[in-house]
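Dumped model.cif below, it's mmCIF, C-alpha atoms:
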data_data
#
loop_
_atom_site.label_atom_id
_atom_site.label_comp_id
_atom_site.auth_asym_id
_atom_site.auth_seq_id
_atom_site.Cartn_x
_atom_site.Cartn_y
_atom_site.Cartn_z
CA MET A 1 92.92 96.46 104.11
CA ALA A 2 92.66 94.94 100.71
CA SER A 3 89.24 95.18 99.13
CA PRO A 4 87.49 92.14 97.74
CA SER A 5 88.15 91.19 94.16
CA ALA A 6 86.54 93.42 91.60
CA HIS A 7 85.73 90.44 89.44
CA GLU A 8 82.86 88.94 91.41
CA ARG A 9 81.08 86.05 89.77
CA SER A 10 77.33 86.31 89.43
CA ALA A 11 76.86 82.65 90.31
CA PRO A 12 79.05 79.99 91.86
CA GLY A 13 80.96 77.76 89.53
CA THR A 14 84.23 77.37 87.81
CA VAL A 15 85.74 79.17 84.87
CA SER A 16 84.56 77.64 81.62
CA PRO A 17 87.11 76.38 79.06
CA GLU A 18 85.91 79.06 76.64
CA SER A 19 86.54 81.81 79.21
CA ALA A 20 89.91 80.35 80.13
CA ALA A 21 90.92 80.26 76.47
CA ARG A 22 90.16 83.97 76.16
CA GLU A 23 92.27 84.87 79.18
CA PRO A 24 95.85 86.04 78.52
CA GLN A 25 98.56 83.62 79.47
CA ALA A 26 99.59 84.19 83.06
CA ALA A 27 103.18 84.98 83.79
CA GLY A 28 105.57 82.36 85.04
CA PRO A 29 107.59 82.58 88.26
CA ASP A 30 110.49 84.37 86.54
CA ALA A 31 108.34 86.86 84.64
CA GLY A 32 109.13 89.77 86.97
CA VAL A 33 112.87 89.13 86.85
CA ASN A 34 112.85 88.74 83.07
CA ALA A 35 110.84 91.94 82.67
CA THR A 36 113.34 93.81 84.86
CA TRP A 37 116.24 92.52 82.78
CA ALA A 38 114.42 93.43 79.56
CA PHE A 39 113.99 96.99 80.83
CA THR A 40 117.63 97.17 81.98
CA LEU A 41 118.94 95.76 78.71
CA GLY A 42 116.68 98.06 76.71
CA SER A 43 118.04 101.10 78.56
CA ILE A 44 121.65 100.06 77.95
CA VAL A 45 121.06 99.28 74.28
CA PHE A 46 119.27 102.61 73.86
CA PHE A 47 122.38 104.49 75.02
CA PHE A 48 124.59 102.56 72.65
CA VAL A 49 122.21 103.02 69.71
CA VAL A 50 122.00 106.79 70.27
CA ILE A 51 125.76 107.24 70.56
CA ASP A 52 126.60 104.95 67.64
CA ALA A 53 123.94 106.53 65.42
CA LEU A 54 125.32 110.01 66.04
CA LEU A 55 128.86 108.75 65.41
CA VAL A 56 127.89 107.16 62.09
CA LEU A 57 125.97 110.26 60.99
CA ASP A 58 128.85 112.60 61.79
CA LEU A 59 131.50 110.36 60.24
CA THR A 60 129.33 109.88 57.15
CA ALA A 61 129.10 113.65 56.85
CA ALA A 62 132.90 113.81 57.09
CA TYR A 63 133.23 111.22 54.33
CA ARG A 64 130.88 113.14 52.06
CA ALA A 65 132.87 116.29 52.71
CA THR A 66 136.25 114.72 51.98
CA GLY A 67 135.45 111.69 49.82
CA SER A 68 138.59 109.92 51.04
CA ALA A 69 138.86 106.14 51.20
CA ALA A 70 140.13 106.34 54.78
CA ALA A 71 136.93 108.14 55.83
CA LEU A 72 134.84 105.41 54.19
CA VAL A 73 136.79 102.65 55.94
CA LEU A 74 136.34 104.57 59.20
CA VAL A 75 132.56 104.64 58.75
CA LEU A 76 132.48 100.90 58.04
CA ALA A 77 134.69 100.13 61.05
CA VAL A 78 132.42 102.16 63.33
CA LEU A 79 129.35 100.36 61.94
CA VAL A 80 130.88 96.96 62.68
CA ALA A 81 132.03 98.10 66.12
CA SER A 82 128.54 99.42 66.88
CA ALA A 83 126.86 96.14 65.90
CA VAL A 84 129.24 94.08 68.05
CA GLN A 85 128.78 96.43 71.03
CA ILE A 86 124.99 96.17 70.89
CA ARG A 87 125.17 92.38 70.63
CA PHE A 88 127.71 92.26 73.45
CA CYS A 89 125.19 93.86 75.82
CA TRP A 90 123.32 90.53 76.07
CA PHE A 91 126.30 89.00 77.91
CA LEU A 92 125.90 91.48 80.76
CA ARG A 93 123.05 89.53 82.38
CA LEU A 94 125.28 86.81 83.81
CA GLN A 95 128.52 88.83 83.66
CA ALA A 96 130.32 85.61 82.74
CA SER A 97 133.11 85.69 80.18
CA PRO A 98 131.66 85.22 76.66
CA GLY A 99 135.03 83.98 75.40
CA ASN A 100 138.14 85.42 73.80
CA ALA A 101 136.57 85.41 70.33
CA TRP A 102 133.88 87.85 71.43
CA PHE A 103 136.41 90.04 73.23
CA ALA A 104 138.50 90.19 70.06
CA ALA A 105 135.42 90.99 67.96
CA LEU A 106 134.56 93.80 70.37
CA VAL A 107 138.00 95.41 70.39
CA ALA A 108 139.29 94.83 66.82
CA PRO A 109 136.94 97.11 64.79
CA ALA A 110 137.06 99.78 67.51
CA MET A 111 140.87 99.68 67.47
CA LEU A 112 140.86 99.93 63.66
CA ALA A 113 138.67 103.03 63.84
CA TRP A 114 140.97 104.52 66.49
CA VAL A 115 144.06 103.95 64.27
CA ILE A 116 142.39 105.44 61.20
CA GLY A 117 141.42 108.47 63.27
CA PHE A 118 145.06 109.44 63.63
CA THR A 119 145.24 110.08 59.90
CA GLN A 120 142.26 112.45 60.04
CA PRO A 121 142.70 114.92 62.91
CA ALA A 122 139.19 116.35 62.55
CA SER A 123 137.68 112.87 62.99
CA SER A 124 140.17 111.47 65.50
CA LEU A 125 138.10 112.11 68.62
CA LEU A 126 134.92 110.60 67.20
CA ALA A 127 136.94 107.68 65.79
CA ALA A 128 138.29 106.96 69.28
CA ILE A 129 134.86 106.84 70.98
CA PRO A 130 134.04 103.24 69.83
CA LEU A 131 137.18 102.10 71.63
CA TRP A 132 136.01 103.95 74.76
CA LEU A 133 132.62 102.23 74.55
CA ALA A 134 134.28 98.84 74.05
CA GLY A 135 136.47 99.50 77.08
CA SER A 136 133.40 100.43 79.14
CA LEU A 137 131.86 97.05 78.29
CA LEU A 138 135.09 95.20 79.05
CA THR A 139 135.25 96.69 82.55
CA CYS A 140 131.96 94.96 83.39
CA PHE A 141 133.73 91.58 83.09
CA ALA A 142 136.89 92.60 84.97
CA PRO A 143 137.49 92.05 88.71
CA LYS A 144 136.15 94.93 90.80
CA SER A 145 139.65 95.85 91.96
CA ARG A 146 140.72 96.54 88.35
CA GLN A 147 137.62 98.14 86.91
CA TRP A 148 138.55 101.76 87.66
CA LEU A 149 142.08 101.14 86.38
CA LEU A 150 140.65 99.88 83.08
CA ILE A 151 138.32 102.89 82.86
CA ALA A 152 141.27 105.24 83.38
CA LEU A 153 143.29 103.38 80.74
CA ALA A 154 140.40 103.51 78.24
CA ALA A 155 140.01 107.26 78.89
CA ALA A 156 143.73 107.84 78.29
CA ILE A 157 143.65 105.93 74.99
CA THR A 158 140.50 107.75 73.88
CA LEU A 159 142.01 111.17 74.54
CA ALA A 160 145.36 110.26 72.97
CA PRO A 161 144.40 111.68 69.51
CA ILE A 162 143.72 115.09 71.04
CA VAL A 163 147.05 115.02 72.89
CA VAL A 164 148.93 114.01 69.70
CA HIS A 165 147.26 116.52 67.39
CA TRP A 166 147.02 119.38 69.86
CA PRO A 167 150.46 120.89 69.05
CA ALA A 168 149.46 121.03 65.37
CA GLY A 169 146.30 122.93 66.20
CA PHE A 170 143.54 120.44 66.93
CA THR A 171 140.21 121.82 65.67
CA ILE A 172 136.81 120.42 64.76
CA PRO A 173 135.03 122.10 61.83
CA ASP A 174 131.63 123.39 63.02
CA ASN A 175 129.99 122.72 59.69
CA MET A 176 130.92 119.03 59.91
CA TYR A 177 129.67 118.02 63.35
CA GLY A 178 127.42 120.79 64.59
CA SER A 179 126.25 120.23 68.20
CA ASN A 180 126.30 116.41 67.98
CA LEU A 181 129.86 116.22 69.26
CA TRP A 182 128.86 117.53 72.69
CA LEU A 183 125.93 115.15 72.90
CA VAL A 184 128.15 112.21 71.95
CA ALA A 185 130.83 113.32 74.41
CA VAL A 186 128.39 113.60 77.34
CA TYR A 187 126.67 110.28 76.63
CA SER A 188 130.00 108.52 76.14
CA ALA A 189 131.47 109.93 79.35
CA ALA A 190 128.45 108.67 81.31
CA MET A 191 128.52 105.20 79.75
CA PRO A 192 130.75 103.34 82.29
CA PHE A 193 128.84 104.85 85.22
CA MET A 194 125.49 103.99 83.64
CA LEU A 195 126.63 100.41 83.04
CA ARG A 196 127.83 99.99 86.63
CA ALA A 197 124.60 101.45 88.03
CA SER A 198 122.44 99.26 85.79
CA LEU A 199 124.33 96.10 86.69
CA TRP A 200 124.22 97.01 90.39
CA TRP A 201 120.44 97.37 90.16
CA TRP A 202 120.19 94.07 88.28
CA GLY A 203 122.24 92.39 91.01
CA VAL A 204 119.84 93.71 93.65
CA VAL A 205 116.86 92.31 91.72
CA THR A 206 118.43 88.86 91.32
CA ARG A 207 119.34 88.70 95.02
CA LEU A 208 115.80 89.69 95.99
CA ASP A 209 114.38 87.03 93.68
CA GLU A 210 116.72 84.43 95.15
CA SER A 211 115.63 85.46 98.65
CA ARG A 212 111.99 85.11 97.62
CA ARG A 213 112.61 81.61 96.32
CA VAL A 214 114.42 80.62 99.50
CA ALA A 215 111.60 82.06 101.62
CA ALA A 216 109.03 80.09 99.61
CA GLU A 217 111.03 76.89 100.05
CA LEU A 218 111.31 77.57 103.79
CA ALA A 219 107.56 78.11 103.99
CA VAL A 220 106.92 74.77 102.30
CA ALA A 221 109.48 73.10 104.57
CA GLN A 222 107.81 74.64 107.61
CA GLU A 223 104.45 73.24 106.51
CA ARG A 224 106.00 69.81 105.98
CA LEU A 225 107.56 69.93 109.44
CA ARG A 226 104.19 70.86 110.91
CA PHE A 227 102.55 67.94 109.15
CA ALA A 228 105.36 65.61 110.26
CA SER A 229 104.96 66.82 113.85
CA ASP A 230 101.20 66.21 113.79
CA LEU A 231 101.68 62.77 112.27
CA HIS A 232 104.29 61.93 114.91
CA ASP A 233 101.96 63.05 117.68
CA ILE A 234 99.20 60.77 116.41
CA GLN A 235 101.16 57.70 115.39
CA GLY A 236 103.80 57.90 118.12
CA HIS A 237 101.26 57.84 120.93
CA HIS A 238 99.06 55.11 119.47
CA LEU A 239 101.96 52.89 118.42
CA GLN A 240 103.48 53.13 121.87
CA VAL A 241 100.20 52.10 123.49
CA ILE A 242 99.77 49.26 120.97
CA ALA A 243 103.29 48.00 121.73
CA LEU A 244 102.70 48.01 125.49
CA LYS A 245 99.31 46.29 125.25
CA SER A 246 100.69 43.71 122.81
CA GLU A 247 103.47 42.87 125.25
CA LEU A 248 100.94 42.61 128.08
CA ALA A 249 98.64 40.38 126.03
CA GLU A 250 101.57 38.13 125.13
CA ARG A 251 102.46 37.67 128.82
CA MET A 252 98.84 37.01 129.84
CA LEU A 253 98.11 34.60 126.99
CA ASP A 254 98.92 31.46 129.05
CA LEU A 255 97.93 32.80 132.49
CA ASP A 256 94.60 34.46 131.65
CA PRO A 257 93.41 33.94 128.05
CA ALA A 258 90.25 35.99 128.65
CA ALA A 259 92.24 39.01 129.84
CA ALA A 260 94.64 38.57 126.89
CA ALA A 261 91.67 38.52 124.51
CA ALA A 262 90.41 41.76 126.10
CA GLN A 263 93.80 43.36 125.51
CA VAL A 264 93.80 42.23 121.87
CA HIS A 265 90.33 43.78 121.50
CA GLU A 266 91.62 47.07 122.89
CA ILE A 267 94.60 46.90 120.53
CA ARG A 268 92.22 46.57 117.59
CA LEU A 269 90.21 49.60 118.77
CA ILE A 270 93.37 51.69 119.23
CA ALA A 271 94.64 50.73 115.78
CA LYS A 272 91.28 51.67 114.27
CA GLN A 273 91.35 55.01 116.09
CA ALA A 274 94.89 55.67 114.86
CA LEU A 275 93.81 54.88 111.30
CA GLU A 276 90.85 57.28 111.49
CA GLU A 277 92.95 60.07 112.94
CA THR A 278 95.62 59.52 110.31
CA ARG A 279 93.00 59.74 107.55
CA SER A 280 91.67 62.96 109.04
CA LEU A 281 95.17 64.39 109.24
CA VAL A 282 96.03 63.51 105.64
CA ALA A 283 92.76 65.03 104.47
CA GLY A 284 93.51 68.19 106.47
CA LEU A 285 90.48 67.73 108.72
CA ARG A 286 91.91 67.90 112.21
CA GLU A 287 90.17 70.29 114.55
CA VAL A 288 91.88 73.66 114.00
CA ALA A 289 90.54 77.00 115.13
CA LEU A 290 89.67 79.26 112.20
CA GLU A 291 91.53 82.17 113.80
CA ASP A 292 94.69 80.06 114.13
CA GLU A 293 94.47 78.93 110.52
CA LEU A 294 94.06 82.52 109.31
CA GLU A 295 97.09 83.70 111.27
CA ASN A 296 99.09 80.70 110.07
CA ALA A 297 98.16 81.53 106.47
CA ARG A 298 99.32 85.12 106.84
CA GLU A 299 102.59 84.03 108.46
CA VAL A 300 103.36 81.38 105.84
CA LEU A 301 102.54 83.72 102.93
CA SER A 302 104.63 86.51 104.46
CA LEU A 303 107.59 84.13 104.73
CA ALA A 304 107.12 83.33 101.05
CA GLY A 305 107.31 87.04 100.12
CA THR A 306 103.56 87.54 99.65
CA GLU A 307 101.92 90.50 101.38
CA CYS A 308 98.76 89.04 102.92
CA THR A 309 95.95 91.19 104.30
CA LEU A 310 93.00 89.95 106.36
CA GLN A 311 89.57 91.57 106.24
CA LEU A 312 87.51 89.62 108.75
CA GLU A 313 84.16 89.81 110.43
CA SER A 314 83.34 87.64 113.43
CA ALA A 315 83.95 83.89 113.03
CA PRO A 316 80.86 81.64 112.86
CA SER A 317 79.93 79.79 116.05
CA ASP A 318 79.15 76.46 114.38
CA ALA A 319 82.15 74.13 114.73
CA ARG A 320 81.52 72.36 111.42
CA VAL A 321 81.32 75.67 109.54
CA GLN A 322 84.55 76.83 111.17
CA ARG A 323 86.19 73.55 110.18
CA ALA A 324 85.13 73.94 106.54
CA LEU A 325 86.35 77.54 106.42
CA ALA A 326 89.64 76.61 108.08
CA LEU A 327 90.14 73.87 105.49
CA THR A 328 89.42 76.40 102.74
CA VAL A 329 92.06 78.76 104.13
CA ARG A 330 94.58 75.92 104.30
CA GLU A 331 93.87 74.71 100.75
CA GLY A 332 93.86 78.24 99.36
CA THR A 333 97.17 79.06 101.03
CA THR A 334 98.71 75.87 99.62
CA ASN A 335 97.47 76.78 96.13
CA ILE A 336 99.02 80.26 96.40
CA LEU A 337 102.38 78.80 97.41
CA ARG A 338 102.38 76.06 94.77
CA HIS A 339 100.59 77.62 91.80
CA SER A 340 101.45 81.33 91.82
CA ASN A 341 104.17 83.91 91.97
CA ALA A 342 102.04 86.12 94.19
CA SER A 343 103.29 89.40 95.60
CA ARG A 344 100.00 90.14 97.38
CA ALA A 345 97.05 88.14 98.66
CA ALA A 346 93.88 88.94 100.57
CA ILE A 347 91.56 86.84 102.74
CA THR A 348 88.07 88.20 103.35
CA LEU A 349 85.40 86.78 105.67
CA ARG A 350 81.95 88.37 105.58
CA HIS A 351 78.38 87.55 106.66
CA THR A 352 75.48 88.01 104.24
CA ASN A 353 71.87 86.83 104.61
CA GLY A 354 72.53 84.14 107.18
CA ALA A 355 75.57 82.77 105.36
CA CYS A 356 79.33 83.09 105.70
CA GLU A 357 81.43 83.86 102.66
CA LEU A 358 85.19 83.35 102.64
CA GLU A 359 87.24 84.64 99.70
CA LEU A 360 90.95 84.27 98.97
CA THR A 361 92.47 86.29 96.14
CA ASN A 362 96.03 86.56 94.91
CA ASN A 363 97.90 87.96 91.96
CA GLY A 364 100.71 86.26 90.06
CA ALA A 365 98.63 83.22 89.11
CA MET A 366 100.46 80.95 86.65
CA GLY A 367 97.38 79.59 84.90
CA SER A 368 97.39 76.35 86.88
CA GLY A 369 95.77 77.53 90.04
CA SER A 370 92.71 75.48 89.31
CA ALA A 371 94.63 72.45 88.21
CA THR A 372 93.74 70.53 91.33
CA ALA A 373 90.09 71.12 90.70
CA GLY A 374 90.09 68.79 87.78
CA SER A 375 92.71 66.40 88.98
CA GLY A 376 90.25 63.74 89.89
CA LEU A 377 92.10 63.02 93.13
CA ALA A 378 89.36 62.36 95.67
CA GLY A 379 90.10 63.87 99.05
CA SER A 380 92.68 66.37 97.80
CA GLY A 381 92.80 69.70 96.03
CA LEU A 382 89.83 71.83 95.15
CA ALA A 383 87.78 68.80 94.09
CA GLY A 384 87.95 67.30 97.58
CA LEU A 385 87.33 70.69 99.15
CA THR A 386 84.25 71.19 96.99
CA SER A 387 82.72 67.90 98.14
CA ARG A 388 83.27 68.74 101.80
CA VAL A 389 81.78 72.21 101.42
CA GLU A 390 78.74 70.76 99.67
CA GLU A 391 78.28 68.28 102.53
CA ILE A 392 77.30 71.14 104.82
CA GLY A 393 75.14 72.86 102.21
CA GLY A 394 77.74 75.27 100.90
CA THR A 395 79.12 76.16 97.49
CA LEU A 396 82.64 76.72 96.16
CA SER A 397 83.70 78.71 93.12
CA HIS A 398 87.07 79.71 91.75
CA GLU A 399 87.99 82.10 88.98
CA LEU A 400 91.10 83.10 87.04
CA ARG A 401 91.19 86.53 85.44
CA ALA A 402 94.46 87.63 83.85
CA ASP A 403 96.96 86.92 86.64
CA GLU A 404 94.47 87.11 89.53
CA PHE A 405 93.01 83.94 91.03
CA SER A 406 90.11 83.97 93.47
CA LEU A 407 88.70 81.14 95.58
CA ARG A 408 85.28 81.75 97.13
CA VAL A 409 83.35 79.55 99.57
CA ARG A 410 79.82 80.31 100.78
CA VAL A 411 78.40 78.20 103.61
CA PRO A 412 75.41 78.59 105.94
CA ALA A 413 76.18 80.23 109.26
CA ARG A 414 74.74 77.22 111.11
CA VAL A 415 74.57 73.62 109.89
CA THR A 416 71.74 71.19 110.71
CA ASN A 417 71.00 67.63 109.54
CA VAL A 418 74.08 67.21 107.38
CA SER A 419 76.84 64.66 107.46
CA THR A 420 80.03 65.51 109.28
CA LEU A 421 83.27 66.25 107.52
CA GLY A 422 85.19 63.40 109.05
CA GLY A 423 84.01 60.70 106.71
CA VAL A 424 86.82 60.09 104.29
CA ASN A 425 86.79 57.03 102.15
CA ALA A 426 89.85 54.86 102.28
#
Would you mind writing the structure in this file as structure tokens?
Amino acid sequence: MASPSAHERSAPGTVSPESAAREPQAAGPDAGVNATWAFTLGSIVFFFVVIDALLVLDLTAAYRATGSAAALVLVLAVLVASAVQIRFCWFLRLQASPGNAWFAALVAPAMLAWVIGFTQPASSLLAAIPLWLAGSLLTCFAPKSRQWLLIALAAAITLAPIVVHWPAGFTIPDNMYGSNLWLVAVYSAAMPFMLRASLWWWGVVTRLDESRRVAAELAVAQERLRFASDLHDIQGHHLQVIALKSELAERMLDLDPAAAAAQVHEIRLIAKQALEETRSLVAGLREVALEDELENAREVLSLAGTECTLQLESAPSDARVQRALALTVREGTTNILRHSNASRAAITLRHTNGACELELTNNGAMGSGSATAGSGLAGSGLAGLTSRVEEIGGTLSHELRADEFSLRVRVPARVTNVSTLGGVNA
């Protein structure tokens, strides 16, 4: 069971503008996905930076040892290839073709370094690694059926300098490269597998996020269908009765005007009743059991991808108190669906000192959870809910801390001498 929010307010009320200004900006609905991509991209870029840095250091050491112009051009080519590779990593998010110009920019400096490496046997393997890294990136944009073929081709081209220079006695001076060669070789060999694993994980995250969005849309659609069904039940029945009585009054108008007038009177009463019930429905004030509303809230939030826990004591016996709490649950659930990217929520009902306190908390608030409170729309949002709670002697408070939003209602366990909740102004 989820515990109540740790940020209890000492007195009912809303968050002041000064407090809200001090709160950090809440994350938007895509914050989790963007953070996952930032971590994935950072990991990929880290591998490239480490490998390219070691390559540049080793090749710079070779240039200092030989002082040849070819070694200098090789260092510059590897630097350009490294910069393009790191920039190219940003295209991996969508895995859509960045264009032939970018592909050429990725391959050209790496190919130049590979060609220069043939003239310097000691540097040929390191000079070929940028081409291997470029090939690893290219495979991410190739059809799945050809990816392993491209990896094998890139490996063959990378190892070609060793095959060519082997008969002449291919050696690597220890004083030039030290142990960095083995580190570069291991990291480079793992690069295509690391890229495939990272992109597979990113694909899983995007599919989960898409599923969450679809579930949220289905939850909203389900609520709309429920509302439409309730409206149909009310209006369909009353309109059918009105139509029948109108037809009867029309037939009796010449035969029995008094009976026709009685039917018209009944039609007026039925229309008035339909109007009152429609107002109650729109305001969310139909008689609904608190237990049913709580279970409906948990079901709807679960469909939207929010883990909802209930921590409940016994429901109050007063019907008007139950109605107010049920309306609070409904409004709070709607706020969570519309104004948050919640992964967890909790609903707590407790009894203290002859009063009932209902609290809804959720994470992932987007900073607009209290927007309805100040909307000025009578009969809707938190403003309308506040007025109805106050009608039975209760209080409502809501609070936003970081990304956690809490809605708290405290009402007396039994209501006496207060107006009912059904009075809604037209």
Evaluate the PyMOL selection byres ((chain A and resi 323-329) around 9) and report residues as a CSV table (one decimal) with C-alpha atoms, in the frame of the given file:
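Output contents, as saved in part-v3.csv:
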chain,number,residue,atom,x,y,z
A,284,GLY,CA,93.5,68.2,106.5
A,285,LEU,CA,90.5,67.7,108.7
A,286,ARG,CA,91.9,67.9,112.2
A,287,GLU,CA,90.2,70.3,114.6
A,288,VAL,CA,91.9,73.7,114.0
A,289,ALA,CA,90.5,77.0,115.1
A,290,LEU,CA,89.7,79.3,112.2
A,291,GLU,CA,91.5,82.2,113.8
A,292,ASP,CA,94.7,80.1,114.1
A,293,GLU,CA,94.5,78.9,110.5
A,294,LEU,CA,94.1,82.5,109.3
A,297,ALA,CA,98.2,81.5,106.5
A,318,ASP,CA,79.2,76.5,114.4
A,319,ALA,CA,82.2,74.1,114.7
A,320,ARG,CA,81.5,72.4,111.4
A,321,VAL,CA,81.3,75.7,109.5
A,322,GLN,CA,84.6,76.8,111.2
A,330,ARG,CA,94.6,75.9,104.3
A,331,GLU,CA,93.9,74.7,100.8
A,332,GLY,CA,93.9,78.2,99.4
A,333,THR,CA,97.2,79.1,101.0
A,334,THR,CA,98.7,75.9,99.6
A,347,ILE,CA,91.6,86.8,102.7
A,356,CYS,CA,79.3,83.1,105.7
A,357,GLU,CA,81.4,83.9,102.7
A,358,LEU,CA,85.2,83.4,102.6
A,359,GLU,CA,87.2,84.6,99.7
A,360,LEU,CA,91.0,84.3,99.0
A,382,LEU,CA,89.8,71.8,95.2
A,385,LEU,CA,87.3,70.7,99.2
A,388,ARG,CA,83.3,68.7,101.8
A,389,VAL,CA,81.8,72.2,101.4
A,392,ILE,CA,77.3,71.1,104.8
A,407,LEU,CA,88.7,81.1,95.6
A,408,ARG,CA,85.3,81.8,97.1
A,409,VAL,CA,83.4,79.6,99.6
A,411,VAL,CA,78.4,78.2,103.6
A,421,LEU,CA,83.3,66.2,107.5
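The interatomic distance for the pair CA of Leu269 in chain A and CA of Glu247 in chain A works out to 16.2 Å.
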Open item on the list: Translate the PyMOL selection byres ((chain A and resi 44) around 9) into a concrete residue list for this structure, as a PyMOL selection string.
Closed with: chain A and resi 39-43+45-49+86+89+191+194-195+198
TODO: Give me the residues within 12 Å of Leu92 in chain A as number ranges by chain, counting only C-alpha atoms and dropping any in the same chain fewer than 4 places off.
DONE: A: 37-38, 40-41, 44-45, 85-88, 96-98, 136-142, 195-196, 198-200, 202-203
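Residue nearest Ala134 in chain A within the list A:Phe405, A:Ile267, A:Ile336, A:Asp52: A:Asp52 [criterion: smallest interatomic distance, only C-alpha atoms].
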Open item on the list: Show me, as a PyMOL selection string, the residues that have an atom within 10 Å of Leu133 in chain A when counting only C-alpha atoms, minus same-chain residues fewer than 5 positions from it.
Closed with: chain A and resi 48+51-52+81-82+85+106-107+110+128+138+154-155+158+188-189+191-192
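Near range 236-240 of chain A, within 10 Å and counting all atoms listed in the file, sit Ser229, Asp230, Leu231, Lys245, Ser246, Ile267, Ile270, Ala271, Lys272, Gln273, Ala274 and Leu275 of chain A, not including residues fewer than 5 positions from it in the same chain.
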Open item on the list: Could you list, as number ranges by chain, every residue within 7 Å of Leu112 in chain A, counting all atoms listed in the file and ignoring same-chain residues fewer than 4 positions away?
Closed with: A: 77, 108, 116
All residues 12 Å or closer to range 298-304 of chain A, all atoms listed in the file, same chain fewer than 2 positions away omitted, as an mmCIF file with C-alpha atoms, in the coordinates of the input:
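Okay, this is what ended up in part-v3.cif:
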data_model
loop_
_atom_site.group_PDB
_atom_site.id
_atom_site.type_symbol
_atom_site.label_atom_id
_atom_site.label_comp_id
_atom_site.auth_asym_id
_atom_site.auth_seq_id
_atom_site.Cartn_x
_atom_site.Cartn_y
_atom_site.Cartn_z
ATOM 1 C CA LEU A 208 115.800 89.690 95.990
ATOM 2 C CA ASP A 209 114.380 87.030 93.680
ATOM 3 C CA GLU A 210 116.720 84.430 95.150
ATOM 4 C CA SER A 211 115.630 85.460 98.650
ATOM 5 C CA ARG A 212 111.990 85.110 97.620
ATOM 6 C CA ARG A 213 112.610 81.610 96.320
ATOM 7 C CA VAL A 214 114.420 80.620 99.500
ATOM 8 C CA ALA A 215 111.600 82.060 101.620
ATOM 9 C CA ALA A 216 109.030 80.090 99.610
ATOM 10 C CA GLU A 217 111.030 76.890 100.050
ATOM 11 C CA LEU A 218 111.310 77.570 103.790
ATOM 12 C CA ALA A 219 107.560 78.110 103.990
ATOM 13 C CA VAL A 220 106.920 74.770 102.300
ATOM 14 C CA ALA A 221 109.480 73.100 104.570
ATOM 15 C CA GLN A 222 107.810 74.640 107.610
ATOM 16 C CA GLU A 223 104.450 73.240 106.510
ATOM 17 C CA ARG A 224 106.000 69.810 105.980
ATOM 18 C CA ARG A 226 104.190 70.860 110.910
ATOM 19 C CA GLU A 291 91.530 82.170 113.800
ATOM 20 C CA ASP A 292 94.690 80.060 114.130
ATOM 21 C CA GLU A 293 94.470 78.930 110.520
ATOM 22 C CA LEU A 294 94.060 82.520 109.310
ATOM 23 C CA GLU A 295 97.090 83.700 111.270
ATOM 24 C CA ASN A 296 99.090 80.700 110.070
ATOM 25 C CA THR A 306 103.560 87.540 99.650
ATOM 26 C CA GLU A 307 101.920 90.500 101.380
ATOM 27 C CA CYS A 308 98.760 89.040 102.920
ATOM 28 C CA THR A 309 95.950 91.190 104.300
ATOM 29 C CA LEU A 310 93.000 89.950 106.360
ATOM 30 C CA GLN A 311 89.570 91.570 106.240
ATOM 31 C CA VAL A 329 92.060 78.760 104.130
ATOM 32 C CA ARG A 330 94.580 75.920 104.300
ATOM 33 C CA GLY A 332 93.860 78.240 99.360
ATOM 34 C CA THR A 333 97.170 79.060 101.030
ATOM 35 C CA THR A 334 98.710 75.870 99.620
ATOM 36 C CA ASN A 335 97.470 76.780 96.130
ATOM 37 C CA ILE A 336 99.020 80.260 96.400
ATOM 38 C CA LEU A 337 102.380 78.800 97.410
ATOM 39 C CA ARG A 338 102.380 76.060 94.770
ATOM 40 C CA SER A 340 101.450 81.330 91.820
ATOM 41 C CA ASN A 341 104.170 83.910 91.970
ATOM 42 C CA ALA A 342 102.040 86.120 94.190
ATOM 43 C CA SER A 343 103.290 89.400 95.600
ATOM 44 C CA ARG A 344 100.000 90.140 97.380
ATOM 45 C CA ALA A 345 97.050 88.140 98.660
ATOM 46 C CA ALA A 346 93.880 88.940 100.570
ATOM 47 C CA ILE A 347 91.560 86.840 102.740
ATOM 48 C CA LEU A 360 90.950 84.270 98.970
ATOM 49 C CA ASN A 362 96.030 86.560 94.910
#
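Taking CA of Gly394 in chain A as the reference point, CA of Ser280 in chain A is found at 20.3 Å.
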